[in-house]
>>> print(open('model_17.cif').read())   # mmCIF, C-alpha atoms
data_final
#
loop_
_atom_site.label_atom_id
_atom_site.label_comp_id
_atom_site.auth_asym_id
_atom_site.auth_seq_id
_atom_site.Cartn_x
_atom_site.Cartn_y
_atom_site.Cartn_z
CA MET A 1 97.46 136.51 117.13
CA PRO A 2 100.48 135.29 115.10
CA VAL A 3 99.97 133.70 111.69
CA HIS A 4 101.85 130.40 111.73
CA PRO A 5 103.28 128.67 108.66
CA VAL A 6 101.15 125.62 109.51
CA HIS A 7 98.24 125.35 111.92
CA ILE A 8 96.20 122.13 112.02
CA ASP A 9 93.15 121.60 114.19
CA ASP A 10 91.39 118.23 114.67
CA LEU A 11 92.34 117.07 111.18
CA THR A 12 90.83 113.74 110.13
CA HIS A 13 91.00 111.90 106.83
CA ARG A 14 89.46 108.59 105.84
CA TYR A 15 89.96 106.32 102.87
CA GLY A 16 86.57 104.62 102.82
CA SER A 17 86.16 102.97 106.22
CA ARG A 18 89.84 103.28 107.09
CA THR A 19 91.07 106.30 109.08
CA ALA A 20 94.47 107.55 107.89
CA LEU A 21 94.52 110.69 110.07
CA ASP A 22 92.64 110.84 113.36
CA THR A 23 91.95 114.29 114.90
CA ILE A 24 95.49 115.61 114.46
CA SER A 25 96.31 119.04 115.91
CA LEU A 26 99.69 120.75 115.63
CA THR A 27 101.29 124.13 115.01
CA VAL A 28 104.56 124.88 113.18
CA SER A 29 106.35 128.07 114.22
CA GLN A 30 107.99 130.51 111.83
CA GLY A 31 111.55 129.54 110.87
CA SER A 32 111.46 126.20 112.69
CA PHE A 33 112.64 122.78 111.57
CA TYR A 34 109.60 120.66 112.44
CA GLY A 35 109.72 116.87 112.23
CA LEU A 36 106.95 114.32 111.73
CA LEU A 37 108.38 110.99 112.91
CA GLY A 38 106.53 107.79 112.17
CA PRO A 39 106.58 104.49 110.27
CA ASN A 40 104.90 103.74 106.97
CA GLY A 41 101.17 103.94 107.45
CA SER A 42 101.35 106.50 110.25
CA GLY A 43 99.69 109.18 108.10
CA LYS A 44 102.69 111.33 107.14
CA THR A 45 102.17 111.20 103.38
CA THR A 46 98.41 111.72 103.68
CA LEU A 47 99.07 114.81 105.80
CA PHE A 48 101.55 116.14 103.25
CA ARG A 49 99.05 115.66 100.44
CA ILE A 50 96.54 117.72 102.35
CA LEU A 51 99.08 120.46 103.09
CA ALA A 52 100.04 120.52 99.41
CA THR A 53 96.38 120.96 98.30
CA LEU A 54 96.43 117.54 96.60
CA LEU A 55 93.84 115.99 98.92
CA ASN A 56 90.78 117.38 100.70
CA PRO A 57 90.47 116.31 104.34
CA SER A 58 87.39 114.55 105.66
CA GLU A 59 87.15 116.76 108.74
CA GLY A 60 89.04 119.45 110.64
CA SER A 61 90.90 122.53 109.47
CA VAL A 62 94.29 123.43 108.00
CA ARG A 63 95.82 126.86 107.61
CA ILE A 64 99.00 127.65 105.69
CA PHE A 65 100.08 131.17 106.66
CA GLY A 66 96.44 131.76 107.50
CA ALA A 67 95.09 130.48 104.17
CA ASP A 68 92.69 127.54 103.87
CA PRO A 69 93.95 125.07 101.21
CA LEU A 70 90.34 124.31 100.25
CA MET A 71 89.34 127.96 99.76
CA HIS A 72 92.64 129.41 98.53
CA PRO A 73 94.72 126.62 96.95
CA ALA A 74 96.67 128.96 94.65
CA ARG A 75 97.78 131.10 97.58
CA VAL A 76 98.84 128.03 99.55
CA ARG A 77 100.86 126.67 96.61
CA GLN A 78 102.62 130.00 96.23
CA HIS A 79 103.69 129.84 99.88
CA THR A 80 104.68 126.17 99.81
CA GLY A 81 107.47 124.16 98.23
CA ILE A 82 107.26 120.38 98.36
CA VAL A 83 109.68 117.54 97.78
CA PHE A 84 108.00 114.14 97.78
CA GLN A 85 109.69 110.76 98.29
CA GLY A 86 109.98 110.15 94.57
CA VAL A 87 112.21 112.62 92.72
CA ALA A 88 110.00 114.80 90.49
CA LEU A 89 112.45 115.24 87.62
CA ASP A 90 112.52 114.16 83.98
CA ASP A 91 115.62 112.03 83.37
CA GLU A 92 115.61 112.88 79.67
CA LEU A 93 116.10 116.59 80.38
CA THR A 94 119.11 118.47 81.67
CA VAL A 95 119.09 120.02 85.13
CA LEU A 96 118.49 123.45 83.58
CA GLU A 97 115.63 122.18 81.42
CA ASN A 98 113.96 120.55 84.41
CA LEU A 99 114.21 123.71 86.47
CA ARG A 100 113.09 125.95 83.62
CA THR A 101 110.01 123.77 83.08
CA HIS A 102 109.07 124.01 86.75
CA ALA A 103 109.65 127.78 86.79
CA SER A 104 107.23 128.17 83.90
CA LEU A 105 104.51 126.39 85.90
CA TYR A 106 104.80 129.13 88.53
CA GLY A 107 104.95 131.88 85.93
CA LEU A 108 108.41 133.04 86.98
CA ARG A 109 109.91 135.73 84.79
CA ARG A 110 113.23 134.96 83.17
CA SER A 111 115.04 137.53 85.31
CA THR A 112 113.52 136.10 88.50
CA PHE A 113 114.41 132.58 87.41
CA GLN A 114 118.03 133.59 86.77
CA LYS A 115 118.30 135.29 90.17
CA ARG A 116 116.92 132.22 91.95
CA LEU A 117 119.33 129.95 90.09
CA ALA A 118 122.25 132.21 91.02
CA ARG A 119 121.24 131.94 94.68
CA LEU A 120 120.20 128.28 94.91
CA LEU A 121 122.78 126.46 92.78
CA PRO A 122 125.77 127.44 95.00
CA LEU A 123 123.65 126.72 98.08
CA PHE A 124 123.29 123.09 96.97
CA GLY A 125 126.64 122.72 95.19
CA LEU A 126 125.13 122.34 91.71
CA GLU A 127 126.82 125.11 89.72
CA GLU A 128 128.74 122.63 87.55
CA ARG A 129 125.74 120.34 86.95
CA LEU A 130 123.36 122.70 85.21
CA HIS A 131 123.80 121.26 81.70
CA GLU A 132 124.06 117.59 82.64
CA ARG A 133 121.23 115.22 81.82
CA THR A 134 119.44 114.30 85.00
CA GLU A 135 119.70 110.55 84.37
CA ARG A 136 123.49 110.79 84.77
CA LEU A 137 123.30 112.23 88.27
CA SER A 138 123.65 110.20 91.45
CA GLY A 139 120.68 109.79 93.76
CA GLY A 140 122.04 112.41 96.13
CA LEU A 141 122.54 114.96 93.37
CA LYS A 142 119.06 114.32 91.98
CA ARG A 143 117.64 114.95 95.42
CA ARG A 144 119.48 118.27 95.62
CA VAL A 145 118.18 119.30 92.19
CA ASP A 146 114.70 118.35 93.38
CA LEU A 147 115.16 120.64 96.38
CA VAL A 148 116.15 123.51 94.08
CA ARG A 149 113.03 122.78 92.02
CA GLY A 150 110.84 123.05 95.10
CA LEU A 151 112.47 126.34 96.11
CA LEU A 152 112.48 128.19 92.78
CA HIS A 153 109.41 130.27 93.60
CA ALA A 154 110.96 131.27 96.98
CA PRO A 155 108.35 129.63 99.21
CA PRO A 156 108.58 130.48 102.93
CA LEU A 157 107.50 126.90 103.75
CA LEU A 158 109.20 123.73 102.50
CA LEU A 159 107.68 120.25 102.94
CA LEU A 160 110.20 117.39 102.78
CA ASP A 161 108.74 113.89 102.56
CA GLU A 162 111.43 111.32 103.43
CA PRO A 163 114.15 113.18 101.49
CA ALA A 164 116.98 110.92 102.74
CA THR A 165 115.33 107.63 101.80
CA GLY A 166 117.53 105.57 99.46
CA LEU A 167 120.60 107.79 99.87
CA ASP A 168 123.98 106.48 101.02
CA PRO A 169 125.52 107.99 104.20
CA ALA A 170 127.67 110.48 102.28
CA ALA A 171 124.70 111.72 100.23
CA ARG A 172 122.59 112.01 103.40
CA GLN A 173 125.27 114.14 105.04
CA ALA A 174 125.52 116.38 101.97
CA LEU A 175 121.75 116.78 102.00
CA ARG A 176 121.75 117.70 105.72
CA GLU A 177 124.42 120.33 105.12
CA ALA A 178 122.47 121.80 102.20
CA ILE A 179 119.30 122.02 104.30
CA ASP A 180 121.24 123.69 107.12
CA ARG A 181 122.60 126.29 104.69
CA LEU A 182 119.08 126.86 103.36
CA ARG A 183 117.74 127.57 106.83
CA ARG A 184 120.60 129.93 107.69
CA GLN A 185 120.54 131.89 104.43
CA GLU A 186 116.83 131.95 103.53
CA GLY A 187 115.08 131.48 106.88
CA THR A 188 112.79 128.87 105.36
CA THR A 189 110.40 127.02 107.64
CA ILE A 190 110.84 123.28 107.07
CA VAL A 191 108.49 120.42 107.84
CA LEU A 192 110.22 117.05 107.53
CA ALA A 193 108.42 113.70 107.38
CA THR A 194 110.77 110.85 108.24
CA HIS A 195 111.09 107.38 109.73
CA LEU A 196 114.81 107.87 110.40
CA MET A 197 115.72 108.58 114.02
CA GLU A 198 118.95 110.43 113.16
CA GLU A 199 117.01 112.81 110.89
CA ALA A 200 114.31 113.40 113.50
CA ASP A 201 116.92 114.10 116.19
CA ARG A 202 118.09 117.17 114.24
CA CYS A 203 114.67 118.85 114.29
CA ASP A 204 113.73 121.73 116.58
CA TYR A 205 110.41 120.12 117.42
CA LEU A 206 108.80 116.73 116.78
CA ALA A 207 105.37 115.22 116.46
CA ILE A 208 105.41 111.42 116.71
CA LEU A 209 102.74 109.89 114.46
CA ASP A 210 101.39 106.39 114.89
CA ARG A 211 98.34 104.89 113.16
CA GLY A 212 97.11 108.32 112.16
CA ARG A 213 97.33 109.92 115.60
CA VAL A 214 99.83 112.22 117.31
CA ALA A 215 101.31 110.02 120.04
CA ALA A 216 103.61 112.70 121.49
CA GLN A 217 104.96 116.17 120.75
CA GLY A 218 107.98 118.12 121.98
CA THR A 219 111.62 118.88 121.34
CA PRO A 220 113.78 115.77 120.83
CA ASP A 221 115.57 116.43 124.11
CA SER A 222 112.41 116.98 126.16
CA LEU A 223 110.83 113.82 124.76
CA LYS A 224 113.90 111.77 125.68
CA GLN A 225 114.20 113.34 129.12
CA ALA A 226 110.59 112.40 129.84
CA VAL A 227 111.52 108.72 129.42
CA GLY A 228 114.15 108.93 132.18
CA GLU A 229 117.89 109.20 132.57
CA GLU A 230 118.45 105.54 131.70
CA THR A 231 116.47 102.78 130.03
CA LEU A 232 116.87 99.09 130.77
CA TRP A 233 115.69 96.67 128.09
CA ILE A 234 115.30 92.99 128.95
CA GLU A 235 114.78 90.40 126.22
CA CYS A 236 113.11 87.30 127.67
CA ASP A 237 110.87 84.29 126.98
CA ASP A 238 107.82 85.54 128.90
CA PRO A 239 107.96 89.36 129.00
CA GLN A 240 104.50 89.82 130.50
CA ASP A 241 105.27 87.56 133.45
CA LEU A 242 108.67 89.16 134.00
CA ALA A 243 107.22 92.68 133.84
CA GLU A 244 104.65 91.84 136.51
CA ARG A 245 107.27 90.23 138.77
CA ILE A 246 109.64 93.18 138.46
CA ALA A 247 106.90 95.73 139.05
CA LYS A 248 105.68 93.91 142.14
CA GLN A 249 109.09 93.12 143.66
CA PHE A 250 110.91 96.39 142.94
CA ASN A 251 107.99 98.84 142.80
CA VAL A 252 109.00 100.26 139.41
CA SER A 253 107.05 101.00 136.25
CA THR A 254 107.50 98.47 133.46
CA GLN A 255 106.29 98.23 129.89
CA VAL A 256 106.10 95.21 127.59
CA ILE A 257 107.07 95.86 123.98
CA GLY A 258 107.23 92.76 121.83
CA THR A 259 109.53 90.26 123.53
CA ARG A 260 111.16 92.93 125.73
CA VAL A 261 110.48 94.51 129.09
CA GLN A 262 111.41 98.17 129.42
CA LEU A 263 112.27 99.97 132.67
CA SER A 264 113.18 103.65 132.97
CA GLY A 265 114.57 105.82 135.73
CA PRO A 266 117.64 107.63 137.08
CA ASP A 267 119.14 104.41 138.50
CA ALA A 268 117.88 101.76 136.12
CA HIS A 269 121.31 100.13 136.06
CA ASP A 270 121.00 99.35 139.79
CA LEU A 271 118.18 96.91 138.98
CA LEU A 272 120.34 94.77 136.69
CA SER A 273 121.79 92.43 139.34
CA PRO A 274 118.57 91.93 141.36
CA VAL A 275 116.57 91.31 138.19
CA TYR A 276 119.06 88.63 137.12
CA GLU A 277 118.79 87.04 140.57
CA THR A 278 115.00 87.04 140.26
CA ALA A 279 114.61 85.72 136.72
CA GLY A 280 118.03 85.12 135.18
CA GLU A 281 117.01 81.76 133.73
CA ASN A 282 114.41 83.46 131.49
CA ILE A 283 116.54 86.39 130.31
CA ARG A 284 118.12 86.29 126.86
CA SER A 285 119.84 89.68 126.89
CA VAL A 286 119.89 93.05 128.66
CA THR A 287 120.69 96.51 127.28
CA ILE A 288 121.25 99.69 129.32
CA ARG A 289 121.42 103.03 127.54
CA ARG A 290 120.43 106.65 127.66
CA PRO A 291 116.97 107.19 126.13
CA THR A 292 116.78 107.52 122.36
CA LEU A 293 113.92 108.56 120.11
CA GLU A 294 113.37 104.86 119.49
CA ASP A 295 112.71 104.50 123.23
CA VAL A 296 110.38 107.51 123.12
CA PHE A 297 108.49 106.04 120.18
CA MET A 298 108.10 102.65 121.85
CA MET A 299 107.06 104.17 125.17
CA HIS A 300 104.24 106.16 123.56
CA THR A 301 103.06 103.60 121.01
CA GLY A 302 103.83 100.22 122.58
CA HIS A 303 105.73 98.97 119.53
CA GLY A 304 108.87 99.64 117.55
CA LEU A 305 109.06 102.02 114.62
CA HIS A 306 109.11 99.18 112.07
CA GLU A 307 106.49 96.96 113.72
CA ASN A 308 103.41 98.75 112.46
CA GLY A 309 102.35 96.44 109.65
CA LEU A 310 101.26 97.34 106.13
CA PRO A 311 100.96 101.04 105.36
CA VAL A 312 97.44 102.46 105.10
CA GLU A 313 98.10 103.90 101.64
CA GLU A 314 99.37 100.52 100.38
CA GLU A 315 96.42 98.64 101.81
CA ILE A 316 93.88 100.74 99.96
CA SER A 317 95.63 101.24 96.65
#
>>> encode(input="model_17.cif", output="structure tokens")
Amino acid sequence: MPVHPVHIDDLTHRYGSRTALDTISLTVSQGSFYGLLGPNGSGKTTLFRILATLLNPSEGSVRIFGADPLMHPARVRQHTGIVFQGVALDDELTVLENLRTHASLYGLRRSTFQKRLARLLPLFGLEERLHERTERLSGGLKRRVDLVRGLLHAPPLLLLDEPATGLDPAARQALREAIDRLRRQEGTTIVLATHLMEEADRCDYLAILDRGRVAAQGTPDSLKQAVGEETLWIECDDPQDLAERIAKQFNVSTQVIGTRVQLSGPDAHDLLSPVYETAGENIRSVTIRRPTLEDVFMMHTGHGLHENGLPVEEEIS
């Protein structure tokens, strides 16, 4: 039986009476780029804290390369690098001083530290930044230094919690390219937590999280294909009434999401004219497109990615 970088079985975590993770099960394959897509409050950060040995789960099991974080936290930390949403660097120190401090926490010998720097700095385009104070770096450069920090001890697993948040488009692209180089050159298994569709679309495999549960799993392409070849979105005054009328008259499956009615299928565009003839006076707008991950998310959860309310962690803090 193969030992996977991450194997989670019926994982549950509660903050008092509130359930942040609800019987989650998933497996991350060696060398994969695995995405956790969900809004704030979906449980991504709680899951990362558990994987990083910072939080003990209420129920269920977690294995990192076969090791239980509860029983063998030191072994798990040695196998895992983590980059949280907030950059974990001291602005008063130089890049080198920050990295040297982190290396000492892992007991890296000076020779090992120098070898890792020689490998990682060119990988992330930071050779000329080593002696700069961190406070002078842009947000994108700080994020790349933070990635180097998380990789100094050569972990085979890297956890990235919303790494692109707050970065401008150019910095996001530079970060994507650096991560791609990392995967090619080091074979690192990456687990990415994100609420950004364009980031999730680049993953090999996705788990969609909503309100602490896995709503769907699969490759980005397979998840989109399951929605249909086309999606028709109708914004209207009374979506529930329109959905029932369309379903009855045209014998198609409909779904109400907010103020919109969604229809999917290979010939969804053919319904546009008859739907307008049936209820044109109540229709505000219509959109036809190929399925996106936003469509996948809405189909499986019944709401948009940013319609989930206050995050669980914020509510309890």
>>> resolve_selection(input="model_17.cif", expression="the PyMOL selection byres ((chain A and resi 2-17) around 6)", output="PyMOL selection string")
chain A and resi 1+18-30+57-66
>>> residues_near_point(input="model_17.cif", point="(108.6, 119.3, 97.7)", cutoff="12 Å", atoms="all atoms listed in the file", output="VMD selection string")
chain A and resid 45 48 to 49 51 to 52 77 79 to 89 102 143 to 153 155 157 to 163 190 to 193
>>> resolve_selection(input="model_17.cif", expression="the PyMOL selection byres ((chain A and resi 256) around 8)", output="ChimeraX atom specification")
/A:239-240,243,254-255,257-262,302
>>> closest_atom_pairs(input="model_17.cif", of="stretch 3-115 of chain A", to="stretch 172-188 of chain A", cutoff="10 Å", atoms="all atoms listed in the file", output="Markdown table")
| residue | atom | partner | partner_atom | distance |
| --- | --- | --- | --- | --- |
| A:Gln30 | CA | A:Thr188 | CA | 8.2 |
| A:Gly31 | CA | A:Gly187 | CA | 5.7 |
| A:Ser32 | CA | A:Thr188 | CA | 7.9 |
| A:Phe33 | CA | A:Arg183 | CA | 8.5 |
>>> resolve_selection(input="model_17.cif", expression="the PyMOL selection byres ((chain A and resi 205) around 8)", output="PyMOL selection string")
chain A and resi 32-35+203-204+206-207+217-220
>>> write_last_selection(input="model_17.cif", atoms="C-alpha atoms", output="short mmCIF file (atom, residue, chain, number, x, y, z; two decimals), in the frame of the given file")
data_model
loop_
_atom_site.label_atom_id
_atom_site.label_comp_id
_atom_site.auth_asym_id
_atom_site.auth_seq_id
_atom_site.Cartn_x
_atom_site.Cartn_y
_atom_site.Cartn_z
CA SER A 32 111.46 126.20 112.69
CA PHE A 33 112.64 122.78 111.57
CA TYR A 34 109.60 120.66 112.44
CA GLY A 35 109.72 116.87 112.23
CA CYS A 203 114.67 118.85 114.29
CA ASP A 204 113.73 121.73 116.58
CA LEU A 206 108.80 116.73 116.78
CA ALA A 207 105.37 115.22 116.46
CA GLN A 217 104.96 116.17 120.75
CA GLY A 218 107.98 118.12 121.98
CA THR A 219 111.62 118.88 121.34
CA PRO A 220 113.78 115.77 120.83
#
>>> closest_residue(input="model_17.cif", among="A:Leu141, A:Ala164, A:Ala216, A:Ala170", to="A:Thr194", atoms="all atoms listed in the file")
A:Ala164
>>> closest_residue(input="model_17.cif", among="A:Arg211, A:Arg290, A:His195, A:His269", to="A:Leu36", atoms="only C-alpha atoms")
A:His195
>>> residues_around(input="model_17.cif", residues="A:Asp210", least_positions_apart="4", cutoff="8 Å", atoms="all atoms listed in the file", output="list in words")
Gly38, Pro39, Gly41, Ser42, Gly43, Val214, Ala215 and Thr301 of chain A
>>> atom_distance(input="model_17.cif", atom1="atom CA of A:Thr165", atom2="atom CA of A:Gly139")
9.9 Å
>>> atom_distance(input="model_17.cif", atom1="atom CA of A:Ile288", atom2="atom CA of A:Asp241")
20.5 Å
>>> residues_near_point(input="model_17.cif", point="(119.1, 123.6, 86.4)", cutoff="9 Å", atoms="all atoms listed in the file", output="ChimeraX atom specification")
/A:94-100,117,121,126-127,129-132,145,148-149
>>> residues_around(input="model_17.cif", residues="A:Arg116", least_positions_apart="2", cutoff="8 Å", atoms="all atoms listed in the file", output="list in words")
Thr112, Phe113, Gln114, Ala118, Arg119, Leu120, Leu152, His153 and Ala154 of chain A
>>> atom_distance(input="model_17.cif", atom1="atom CA of A:Gln225", atom2="atom CA of A:Ile246")
22.7 Å
>>> closest_residue(input="model_17.cif", among="A:Thr101, A:Leu263, A:Gly140, A:Arg133", to="A:Pro169", atoms="only C-alpha atoms")
A:Gly140
>>> closest_residue(input="model_17.cif", among="A:Gln78, A:Leu209, A:Lys44, A:Gly280", to="A:Ile234", atoms="only C-alpha atoms")
A:Gly280
>>> closest_atom_pairs(input="model_17.cif", of="stretch 220-274 of chain A", to="stretch 282-285 of chain A", cutoff="7 Å", atoms="only C-alpha atoms", output="Markdown table")
| residue | atom | partner | partner_atom | distance |
| --- | --- | --- | --- | --- |
| A:Ile234 | CA | A:Ser285 | CA | 6.0 |
| A:Glu235 | CA | A:Ser285 | CA | 5.2 |
| A:Cys236 | CA | A:Ile283 | CA | 4.4 |
| A:Asp237 | CA | A:Asn282 | CA | 5.8 |
>>> closest_residue(input="model_17.cif", among="A:Ala103, A:Leu271, A:Leu47, A:Leu293", to="A:Arg202", atoms="all atoms listed in the file")
A:Leu293
>>> closest_residue(input="model_17.cif", among="A:Thr189, A:Ala268, A:Ser138, A:Asp238", to="A:Gly166", atoms="all atoms listed in the file")
A:Ser138
>>> residues_around(input="model_17.cif", residues="A:Ala226", least_positions_apart="4", cutoff="10 Å", atoms="only C-alpha atoms", output="PDB file with C-alpha atoms, keeping the file's coordinate frame")
ATOM      1  CA  ASP A 221     115.570 116.430 124.110  1.00  0.00           C
ATOM      2  CA  SER A 222     112.410 116.980 126.160  1.00  0.00           C
ATOM      3  CA  SER A 264     113.180 103.650 132.970  1.00  0.00           C
ATOM      4  CA  GLY A 265     114.570 105.820 135.730  1.00  0.00           C
ATOM      5  CA  PRO A 291     116.970 107.190 126.130  1.00  0.00           C
ATOM      6  CA  VAL A 296     110.380 107.510 123.120  1.00  0.00           C
TER       7      VAL A 296
END
